[in-house]
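Data from work-v3.pdb: PDB, C-alpha atoms, pLDDT in the B column
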```pdb
ATOM      1  CA  MET J   1     -46.585 -44.000 201.969  1.00 57.00           C
ATOM      2  CA  ASP J   2     -49.163 -46.241 203.641  1.00 63.00           C
ATOM      3  CA  VAL J   3     -47.356 -49.565 203.668  1.00 68.00           C
ATOM      4  CA  SER J   4     -49.912 -51.242 205.896  1.00 67.00           C
ATOM      5  CA  ALA J   5     -52.529 -51.093 203.112  1.00 76.00           C
ATOM      6  CA  ASP J   6     -50.254 -52.636 200.488  1.00 86.00           C
ATOM      7  CA  ASP J   7     -49.641 -56.405 200.571  1.00 92.00           C
ATOM      8  CA  ARG J   8     -46.519 -55.939 198.455  1.00 93.00           C
ATOM      9  CA  TYR J   9     -44.754 -54.300 201.395  1.00 94.00           C
ATOM     10  CA  ARG J  10     -45.629 -57.281 203.564  1.00 92.00           C
ATOM     11  CA  THR J  11     -44.057 -59.547 200.949  1.00 94.00           C
ATOM     12  CA  LEU J  12     -40.960 -57.350 200.885  1.00 95.00           C
ATOM     13  CA  GLU J  13     -40.858 -57.302 204.682  1.00 94.00           C
ATOM     14  CA  LYS J  14     -40.871 -61.126 204.766  1.00 94.00           C
ATOM     15  CA  SER J  15     -37.962 -61.159 202.334  1.00 94.00           C
ATOM     16  CA  MET J  16     -35.936 -58.723 204.443  1.00 96.00           C
ATOM     17  CA  LYS J  17     -36.753 -60.637 207.634  1.00 95.00           C
ATOM     18  CA  LYS J  18     -35.569 -63.872 205.999  1.00 95.00           C
ATOM     19  CA  LEU J  19     -32.293 -62.079 205.258  1.00 94.00           C
ATOM     20  CA  SER J  20     -32.097 -60.856 208.903  1.00 95.00           C
ATOM     21  CA  TYR J  21     -32.270 -57.216 207.768  1.00 95.00           C
ATOM     22  CA  GLU J  22     -28.587 -57.444 206.870  1.00 95.00           C
ATOM     23  CA  LYS J  23     -27.217 -54.380 205.113  1.00 95.00           C
ATOM     24  CA  SER J  24     -25.068 -56.687 202.999  1.00 96.00           C
ATOM     25  CA  ALA J  25     -28.262 -58.200 201.537  1.00 96.00           C
ATOM     26  CA  LEU J  26     -29.215 -54.946 199.825  1.00 97.00           C
ATOM     27  CA  ILE J  27     -28.921 -56.253 196.258  1.00 96.00           C
ATOM     28  CA  GLU J  28     -30.971 -59.337 197.086  1.00 96.00           C
ATOM     29  CA  VAL J  29     -33.613 -57.148 198.747  1.00 97.00           C
ATOM     30  CA  LEU J  30     -33.704 -54.879 195.683  1.00 97.00           C
ATOM     31  CA  HIS J  31     -34.231 -57.941 193.478  1.00 96.00           C
ATOM     32  CA  SER J  32     -37.062 -59.052 195.727  1.00 96.00           C
ATOM     33  CA  ALA J  33     -38.637 -55.594 195.660  1.00 96.00           C
ATOM     34  CA  GLN J  34     -38.446 -55.359 191.890  1.00 94.00           C
ATOM     35  CA  GLU J  35     -39.965 -58.806 191.537  1.00 93.00           C
ATOM     36  CA  THR J  36     -42.755 -57.812 193.927  1.00 94.00           C
ATOM     37  CA  PHE J  37     -43.509 -54.312 192.602  1.00 92.00           C
ATOM     38  CA  GLY J  38     -42.393 -54.732 188.983  1.00 88.00           C
ATOM     39  CA  TYR J  39     -39.942 -51.850 189.400  1.00 91.00           C
ATOM     40  CA  LEU J  40     -38.192 -49.910 192.159  1.00 95.00           C
ATOM     41  CA  GLY J  41     -40.234 -46.818 192.981  1.00 93.00           C
ATOM     42  CA  ILE J  42     -39.079 -44.065 195.318  1.00 95.00           C
ATOM     43  CA  ASP J  43     -41.389 -45.218 198.117  1.00 94.00           C
ATOM     44  CA  ALA J  44     -40.062 -48.783 197.930  1.00 96.00           C
ATOM     45  CA  LEU J  45     -36.452 -47.554 197.948  1.00 97.00           C
ATOM     46  CA  LYS J  46     -37.132 -45.332 200.979  1.00 96.00           C
ATOM     47  CA  TYR J  47     -38.812 -48.231 202.753  1.00 96.00           C
ATOM     48  CA  ILE J  48     -35.841 -50.504 202.077  1.00 97.00           C
ATOM     49  CA  ALA J  49     -33.414 -47.822 203.296  1.00 97.00           C
ATOM     50  CA  LYS J  50     -35.381 -47.376 206.514  1.00 96.00           C
ATOM     51  CA  ARG J  51     -35.783 -51.101 207.242  1.00 96.00           C
ATOM     52  CA  LEU J  52     -32.126 -51.951 206.468  1.00 97.00           C
ATOM     53  CA  LYS J  53     -30.938 -48.839 208.342  1.00 97.00           C
ATOM     54  CA  LEU J  54     -29.076 -47.554 205.300  1.00 97.00           C
ATOM     55  CA  PRO J  55     -28.933 -44.029 203.898  1.00 97.00           C
ATOM     56  CA  TYR J  56     -31.416 -43.545 201.053  1.00 97.00           C
ATOM     57  CA  SER J  57     -28.530 -42.317 198.873  1.00 97.00           C
ATOM     58  CA  LYS J  58     -26.810 -45.703 199.256  1.00 97.00           C
ATOM     59  CA  VAL J  59     -29.953 -47.656 198.293  1.00 97.00           C
ATOM     60  CA  TYR J  60     -30.679 -45.334 195.366  1.00 97.00           C
ATOM     61  CA  GLY J  61     -27.032 -45.476 194.263  1.00 96.00           C
ATOM     62  CA  VAL J  62     -27.028 -49.272 194.121  1.00 95.00           C
ATOM     63  CA  ALA J  63     -30.399 -49.348 192.339  1.00 95.00           C
ATOM     64  CA  THR J  64     -29.178 -46.937 189.663  1.00 90.00           C
ATOM     65  CA  PHE J  65     -25.733 -48.507 189.281  1.00 90.00           C
ATOM     66  CA  TYR J  66     -26.950 -51.898 188.048  1.00 84.00           C
ATOM     67  CA  ASN J  67     -28.695 -52.065 184.658  1.00 73.00           C
ATOM     68  CA  TYR J  68     -30.959 -54.861 185.867  1.00 80.00           C
ATOM     69  CA  PHE J  69     -32.940 -52.577 188.159  1.00 88.00           C
ATOM     70  CA  ARG J  70     -35.761 -50.419 186.799  1.00 86.00           C
ATOM     71  CA  LEU J  71     -36.894 -47.205 188.501  1.00 89.00           C
ATOM     72  CA  LYS J  72     -39.986 -46.859 186.349  1.00 84.00           C
ATOM     73  CA  PRO J  73     -42.711 -49.345 185.467  1.00 85.00           C
ATOM     74  CA  LYS J  74     -42.024 -51.276 182.325  1.00 84.00           C
ATOM     75  CA  GLY J  75     -44.508 -51.447 179.522  1.00 89.00           C
ATOM     76  CA  ARG J  76     -46.858 -54.323 178.827  1.00 90.00           C
ATOM     77  CA  HIS J  77     -44.581 -55.110 175.890  1.00 91.00           C
ATOM     78  CA  ASN J  78     -40.814 -54.810 175.761  1.00 90.00           C
ATOM     79  CA  ILE J  79     -38.488 -54.303 172.823  1.00 92.00           C
ATOM     80  CA  VAL J  80     -34.751 -54.738 173.241  1.00 92.00           C
ATOM     81  CA  VAL J  81     -32.498 -53.688 170.371  1.00 94.00           C
ATOM     82  CA  CYS J  82     -29.050 -55.259 170.219  1.00 94.00           C
ATOM     83  CA  LEU J  83     -26.282 -52.713 169.696  1.00 95.00           C
ATOM     84  CA  GLY J  84     -23.441 -55.238 169.747  1.00 94.00           C
ATOM     85  CA  THR J  85     -20.793 -55.017 167.025  1.00 95.00           C
ATOM     86  CA  ALA J  86     -22.374 -57.400 164.490  1.00 96.00           C
ATOM     87  CA  CYS J  87     -25.843 -55.880 164.901  1.00 95.00           C
ATOM     88  CA  TYR J  88     -24.515 -52.326 164.853  1.00 96.00           C
ATOM     89  CA  ILE J  89     -22.611 -52.954 161.612  1.00 96.00           C
ATOM     90  CA  LYS J  90     -25.798 -54.349 160.075  1.00 96.00           C
ATOM     91  CA  GLY J  91     -27.875 -51.310 161.037  1.00 95.00           C
ATOM     92  CA  SER J  92     -29.305 -51.823 164.512  1.00 95.00           C
ATOM     93  CA  GLN J  93     -28.745 -48.133 165.361  1.00 96.00           C
ATOM     94  CA  LYS J  94     -31.031 -47.187 162.454  1.00 94.00           C
ATOM     95  CA  ILE J  95     -33.619 -49.692 163.671  1.00 94.00           C
ATOM     96  CA  LEU J  96     -33.449 -48.164 167.152  1.00 96.00           C
ATOM     97  CA  GLU J  97     -33.906 -44.673 165.712  1.00 95.00           C
ATOM     98  CA  LYS J  98     -36.960 -45.760 163.693  1.00 93.00           C
ATOM     99  CA  ILE J  99     -38.561 -47.310 166.773  1.00 94.00           C
ATOM    100  CA  GLU J 100     -37.790 -44.217 168.861  1.00 95.00           C
ATOM    101  CA  LYS J 101     -39.286 -41.941 166.218  1.00 94.00           C
ATOM    102  CA  ARG J 102     -42.401 -44.094 165.708  1.00 92.00           C
ATOM    103  CA  TYR J 103     -43.257 -44.344 169.423  1.00 93.00           C
ATOM    104  CA  GLY J 104     -41.888 -41.001 170.604  1.00 95.00           C
ATOM    105  CA  ILE J 105     -39.582 -42.489 173.219  1.00 95.00           C
ATOM    106  CA  LYS J 106     -35.851 -42.965 173.659  1.00 94.00           C
ATOM    107  CA  ALA J 107     -34.043 -46.126 174.704  1.00 91.00           C
ATOM    108  CA  GLY J 108     -34.722 -46.762 178.389  1.00 86.00           C
ATOM    109  CA  GLU J 109     -38.167 -45.152 178.268  1.00 89.00           C
ATOM    110  CA  THR J 110     -41.754 -46.384 178.237  1.00 91.00           C
ATOM    111  CA  THR J 111     -44.623 -44.926 176.228  1.00 92.00           C
ATOM    112  CA  SER J 112     -47.012 -42.728 178.221  1.00 91.00           C
ATOM    113  CA  ASP J 113     -49.752 -45.382 177.890  1.00 90.00           C
ATOM    114  CA  GLU J 114     -47.288 -47.992 179.270  1.00 88.00           C
ATOM    115  CA  ALA J 115     -47.856 -50.158 176.183  1.00 90.00           C
ATOM    116  CA  LEU J 116     -44.184 -50.368 175.180  1.00 92.00           C
ATOM    117  CA  SER J 117     -40.768 -50.122 176.785  1.00 92.00           C
ATOM    118  CA  LEU J 118     -37.674 -49.723 174.623  1.00 93.00           C
ATOM    119  CA  LEU J 119     -34.320 -50.983 175.830  1.00 89.00           C
ATOM    120  CA  THR J 120     -30.911 -51.727 174.359  1.00 91.00           C
ATOM    121  CA  ALA J 121     -28.389 -54.473 175.019  1.00 90.00           C
ATOM    122  CA  ARG J 122     -24.772 -54.983 174.034  1.00 88.00           C
ATOM    123  CA  CYS J 123     -25.076 -58.554 172.756  1.00 88.00           C
ATOM    124  CA  PHE J 124     -27.543 -61.435 172.717  1.00 87.00           C
ATOM    125  CA  GLY J 125     -25.056 -63.947 171.355  1.00 90.00           C
ATOM    126  CA  SER J 126     -27.053 -64.254 168.134  1.00 91.00           C
ATOM    127  CA  CYS J 127     -24.582 -62.504 165.859  1.00 93.00           C
ATOM    128  CA  SER J 128     -25.325 -64.755 162.888  1.00 95.00           C
ATOM    129  CA  LEU J 129     -28.899 -63.368 162.948  1.00 95.00           C
ATOM    130  CA  ALA J 130     -27.822 -59.705 163.005  1.00 95.00           C
ATOM    131  CA  PRO J 131     -29.470 -57.281 163.297  1.00 95.00           C
ATOM    132  CA  VAL J 132     -31.445 -58.670 166.216  1.00 94.00           C
ATOM    133  CA  ILE J 133     -34.251 -57.325 168.402  1.00 93.00           C
ATOM    134  CA  VAL J 134     -36.095 -59.092 171.179  1.00 91.00           C
ATOM    135  CA  CYS J 135     -39.861 -58.593 171.308  1.00 90.00           C
ATOM    136  CA  ASP J 136     -41.365 -59.790 174.584  1.00 89.00           C
ATOM    137  CA  GLU J 137     -38.521 -62.270 175.073  1.00 85.00           C
ATOM    138  CA  GLN J 138     -38.744 -63.653 171.512  1.00 88.00           C
ATOM    139  CA  ILE J 139     -35.648 -63.148 169.401  1.00 90.00           C
ATOM    140  CA  LYS J 140     -36.283 -61.657 165.963  1.00 90.00           C
ATOM    141  CA  GLY J 141     -33.272 -62.001 163.687  1.00 92.00           C
ATOM    142  CA  LYS J 142     -32.306 -60.425 160.364  1.00 93.00           C
ATOM    143  CA  VAL J 143     -34.661 -57.543 161.104  1.00 91.00           C
ATOM    144  CA  SER J 144     -35.519 -55.494 158.027  1.00 87.00           C
ATOM    145  CA  LEU J 145     -33.923 -52.074 157.985  1.00 81.00           C
ATOM    146  CA  GLU J 146     -36.728 -50.812 155.746  1.00 79.00           C
ATOM    147  CA  ASN J 147     -39.573 -51.793 158.049  1.00 78.00           C
ATOM    148  CA  PRO J 148     -38.446 -52.999 161.478  1.00 77.00           C
ATOM    149  CA  LEU J 149     -41.822 -52.067 162.969  1.00 80.00           C
ATOM    150  CA  CYS J 150     -43.915 -54.920 161.484  1.00 73.00           C
ATOM    151  CA  ASP J 151     -43.370 -57.384 164.333  1.00 70.00           C
ATOM    152  CA  ILE J 152     -43.725 -54.649 166.950  1.00 78.00           C
ATOM    153  CA  GLU J 153     -46.997 -53.315 165.532  1.00 79.00           C
ATOM    154  CA  GLU J 154     -48.429 -56.832 165.439  1.00 75.00           C
ATOM    155  CA  MET J 155     -47.306 -57.537 169.003  1.00 71.00           C
ATOM    156  CA  ILE J 156     -48.883 -54.489 170.634  1.00 71.00           C
ATOM    157  CA  LYS J 157     -52.291 -54.702 168.920  1.00 70.00           C
TER     158      LYS J 157
END
```
Any chance you could give the structure as structure tokens?
Amino acid sequence: MDVSADDRYRTLEKSMKKLSYEKSALIEVLHSAQETFGYLGIDALKYIAKRLKLPYSKVYGVATFYNYFRLKPKGRHNIVVCLGTACYIKGSQKILEKIEKRYGIKAGETTSDEALSLLTARCFGSCSLAPVIVCDEQIKGKVSLENPLCDIEEMIK
């Protein structure tokens, strides 16, 4: 890992310096790293562990414990399917399965061309619109069980 050739590490270094390299600032440093890199890669996690003088296992453990952190790059487009009670009752699991089948990925994965990431959530607070998906941060309510792919296909053209 050649950190000297990558400006993102300098940005991360500034963030850690501002936090006085405190071990207790690990979550804030991970947020900063994810914002800087777009995700938390192994090299970034090792760098954080070294600079904060923490075991890599501790840094990796925190990064994998919280759902907010991503260990892989996300796609150019993101789909989040709500699996909360109201959405589930109205067929969101079937919608998720259709999306997974169409794009050949499972929830939490990104297509090999990095065009699309598929995620799930427990509730968006839009139960009256169930079933709900979020396409690139836009809520789509009352999604058709017959053809939930229309909005997605249009979005990733």
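Distance check against Ile139 in chain J using all atoms listed in the file: of J:Asn78, J:Thr36, J:Thr110, J:Ser117, the minimum falls on J:Asn78.
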Item to complete: Name the residues that the PyMOL selection byres ((chain J and resi 86-99) around 10) pulls out of this structure, and write them as a ChimeraX atom specification.
Response: /J:79-85,100-107,118-120,122-133,141-149,152
Worksheet item: Do you know which residues the PyMOL selection byres ((chain J and resi 136) around 7) returns on this file, as JSON, numbers by chain?
Response: {"J": [77, 78, 79, 134, 135, 137, 138]}
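You will find CA of Asn67 in chain J at 19.7 Å from CA of Asp43 in chain J.
If you look at CA of Ala115 in chain J and CA of Gly75 in chain J, they are 4.9 Å away from each other.
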Item to complete: Tell me which residues the PyMOL selection byres ((chain J and resi 7-23) around 12) grabs here, as a PyMOL selection string.
Response: chain J and resi 1-6+24-40+43-55+58-59
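Distances here use only C-alpha atoms; by that measure, the residue among J:Gly108, J:Glu154, J:Asp113, J:Tyr56 closest to Arg70 in chain J is J:Gly108.
CA of Ser112 in chain J sits 16.5 Å away from CA of Glu153 in chain J.
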Put a box with edges along x, y and z around all the listed atoms of range 68-73 of chain J, pad it by 5 Å on each side, then give me its centre and sizes in Å, one decimal, as JSON.
```
{"center_x": -36.8, "center_y": -50.9, "center_z": 187.0, "size_x": 21.8, "size_y": 18.0, "size_z": 13.0}
```
What would range 61-78 of chain J look like with N, CA, C and O atoms restored, written as a PDB file, in the frame of the given file?
```pdb
ATOM      1  N   GLY J  61     -28.276 -45.314 195.022  1.00 96.00           N
ATOM      2  CA  GLY J  61     -27.032 -45.476 194.263  1.00 96.00           C
ATOM      3  C   GLY J  61     -26.858 -46.889 193.734  1.00 96.00           C
ATOM      4  O   GLY J  61     -26.479 -47.087 192.579  1.00 96.00           O
ATOM      5  N   VAL J  62     -27.139 -47.879 194.558  1.00 95.00           N
ATOM      6  CA  VAL J  62     -27.028 -49.272 194.121  1.00 95.00           C
ATOM      7  C   VAL J  62     -28.094 -49.578 193.069  1.00 95.00           C
ATOM      8  O   VAL J  62     -27.811 -50.214 192.051  1.00 95.00           O
ATOM      9  N   ALA J  63     -29.309 -49.089 193.286  1.00 95.00           N
ATOM     10  CA  ALA J  63     -30.399 -49.348 192.339  1.00 95.00           C
ATOM     11  C   ALA J  63     -30.127 -48.729 190.972  1.00 95.00           C
ATOM     12  O   ALA J  63     -30.508 -49.294 189.949  1.00 95.00           O
ATOM     13  N   THR J  64     -29.461 -47.585 190.944  1.00 90.00           N
ATOM     14  CA  THR J  64     -29.178 -46.937 189.663  1.00 90.00           C
ATOM     15  C   THR J  64     -27.873 -47.414 189.038  1.00 90.00           C
ATOM     16  O   THR J  64     -27.666 -47.235 187.840  1.00 90.00           O
ATOM     17  N   PHE J  65     -27.012 -48.029 189.817  1.00 90.00           N
ATOM     18  CA  PHE J  65     -25.733 -48.507 189.281  1.00 90.00           C
ATOM     19  C   PHE J  65     -25.920 -49.725 188.384  1.00 90.00           C
ATOM     20  O   PHE J  65     -25.307 -49.831 187.333  1.00 90.00           O
ATOM     21  N   TYR J  66     -26.774 -50.652 188.786  1.00 84.00           N
ATOM     22  CA  TYR J  66     -26.950 -51.898 188.048  1.00 84.00           C
ATOM     23  C   TYR J  66     -28.045 -51.762 187.000  1.00 84.00           C
ATOM     24  O   TYR J  66     -29.156 -51.329 187.302  1.00 84.00           O
ATOM     25  N   ASN J  67     -27.736 -52.161 185.768  1.00 73.00           N
ATOM     26  CA  ASN J  67     -28.695 -52.065 184.658  1.00 73.00           C
ATOM     27  C   ASN J  67     -29.932 -52.924 184.865  1.00 73.00           C
ATOM     28  O   ASN J  67     -30.972 -52.655 184.283  1.00 73.00           O
ATOM     29  N   TYR J  68     -29.829 -53.952 185.669  1.00 80.00           N
ATOM     30  CA  TYR J  68     -30.959 -54.861 185.867  1.00 80.00           C
ATOM     31  C   TYR J  68     -32.149 -54.163 186.521  1.00 80.00           C
ATOM     32  O   TYR J  68     -33.294 -54.479 186.242  1.00 80.00           O
ATOM     33  N   PHE J  69     -31.866 -53.212 187.390  1.00 88.00           N
ATOM     34  CA  PHE J  69     -32.940 -52.577 188.159  1.00 88.00           C
ATOM     35  C   PHE J  69     -33.624 -51.479 187.347  1.00 88.00           C
ATOM     36  O   PHE J  69     -32.986 -50.719 186.630  1.00 88.00           O
ATOM     37  N   ARG J  70     -34.944 -51.429 187.482  1.00 86.00           N
ATOM     38  CA  ARG J  70     -35.761 -50.419 186.799  1.00 86.00           C
ATOM     39  C   ARG J  70     -36.381 -49.494 187.838  1.00 86.00           C
ATOM     40  O   ARG J  70     -36.957 -49.958 188.811  1.00 86.00           O
ATOM     41  N   LEU J  71     -36.314 -48.180 187.587  1.00 89.00           N
ATOM     42  CA  LEU J  71     -36.894 -47.205 188.501  1.00 89.00           C
ATOM     43  C   LEU J  71     -38.261 -46.731 188.032  1.00 89.00           C
ATOM     44  O   LEU J  71     -38.904 -45.950 188.721  1.00 89.00           O
ATOM     45  N   LYS J  72     -38.673 -47.207 186.888  1.00 84.00           N
ATOM     46  CA  LYS J  72     -39.986 -46.859 186.349  1.00 84.00           C
ATOM     47  C   LYS J  72     -40.679 -48.147 185.924  1.00 84.00           C
ATOM     48  O   LYS J  72     -40.017 -49.117 185.560  1.00 84.00           O
ATOM     49  N   PRO J  73     -42.002 -48.139 185.911  1.00 85.00           N
ATOM     50  CA  PRO J  73     -42.711 -49.345 185.467  1.00 85.00           C
ATOM     51  C   PRO J  73     -42.374 -49.656 184.012  1.00 85.00           C
ATOM     52  O   PRO J  73     -42.191 -48.744 183.208  1.00 85.00           O
ATOM     53  N   LYS J  74     -42.265 -50.922 183.720  1.00 84.00           N
ATOM     54  CA  LYS J  74     -42.024 -51.276 182.325  1.00 84.00           C
ATOM     55  C   LYS J  74     -43.362 -51.435 181.619  1.00 84.00           C
ATOM     56  O   LYS J  74     -44.398 -51.613 182.260  1.00 84.00           O
ATOM     57  N   GLY J  75     -43.299 -51.344 180.317  1.00 89.00           N
ATOM     58  CA  GLY J  75     -44.508 -51.447 179.522  1.00 89.00           C
ATOM     59  C   GLY J  75     -45.043 -52.873 179.480  1.00 89.00           C
ATOM     60  O   GLY J  75     -44.363 -53.823 179.865  1.00 89.00           O
ATOM     61  N   ARG J  76     -46.265 -52.987 178.986  1.00 90.00           N
ATOM     62  CA  ARG J  76     -46.858 -54.323 178.827  1.00 90.00           C
ATOM     63  C   ARG J  76     -46.076 -55.143 177.815  1.00 90.00           C
ATOM     64  O   ARG J  76     -46.059 -56.369 177.885  1.00 90.00           O
ATOM     65  N   HIS J  77     -45.426 -54.461 176.889  1.00 91.00           N
ATOM     66  CA  HIS J  77     -44.581 -55.110 175.890  1.00 91.00           C
ATOM     67  C   HIS J  77     -43.202 -54.473 175.956  1.00 91.00           C
ATOM     68  O   HIS J  77     -43.070 -53.281 176.233  1.00 91.00           O
ATOM     69  N   ASN J  78     -42.195 -55.288 175.687  1.00 90.00           N
ATOM     70  CA  ASN J  78     -40.814 -54.810 175.761  1.00 90.00           C
ATOM     71  C   ASN J  78     -40.064 -55.131 174.488  1.00 90.00           C
ATOM     72  O   ASN J  78     -40.150 -56.256 173.978  1.00 90.00           O
TER      73      ASN J  78
END
```
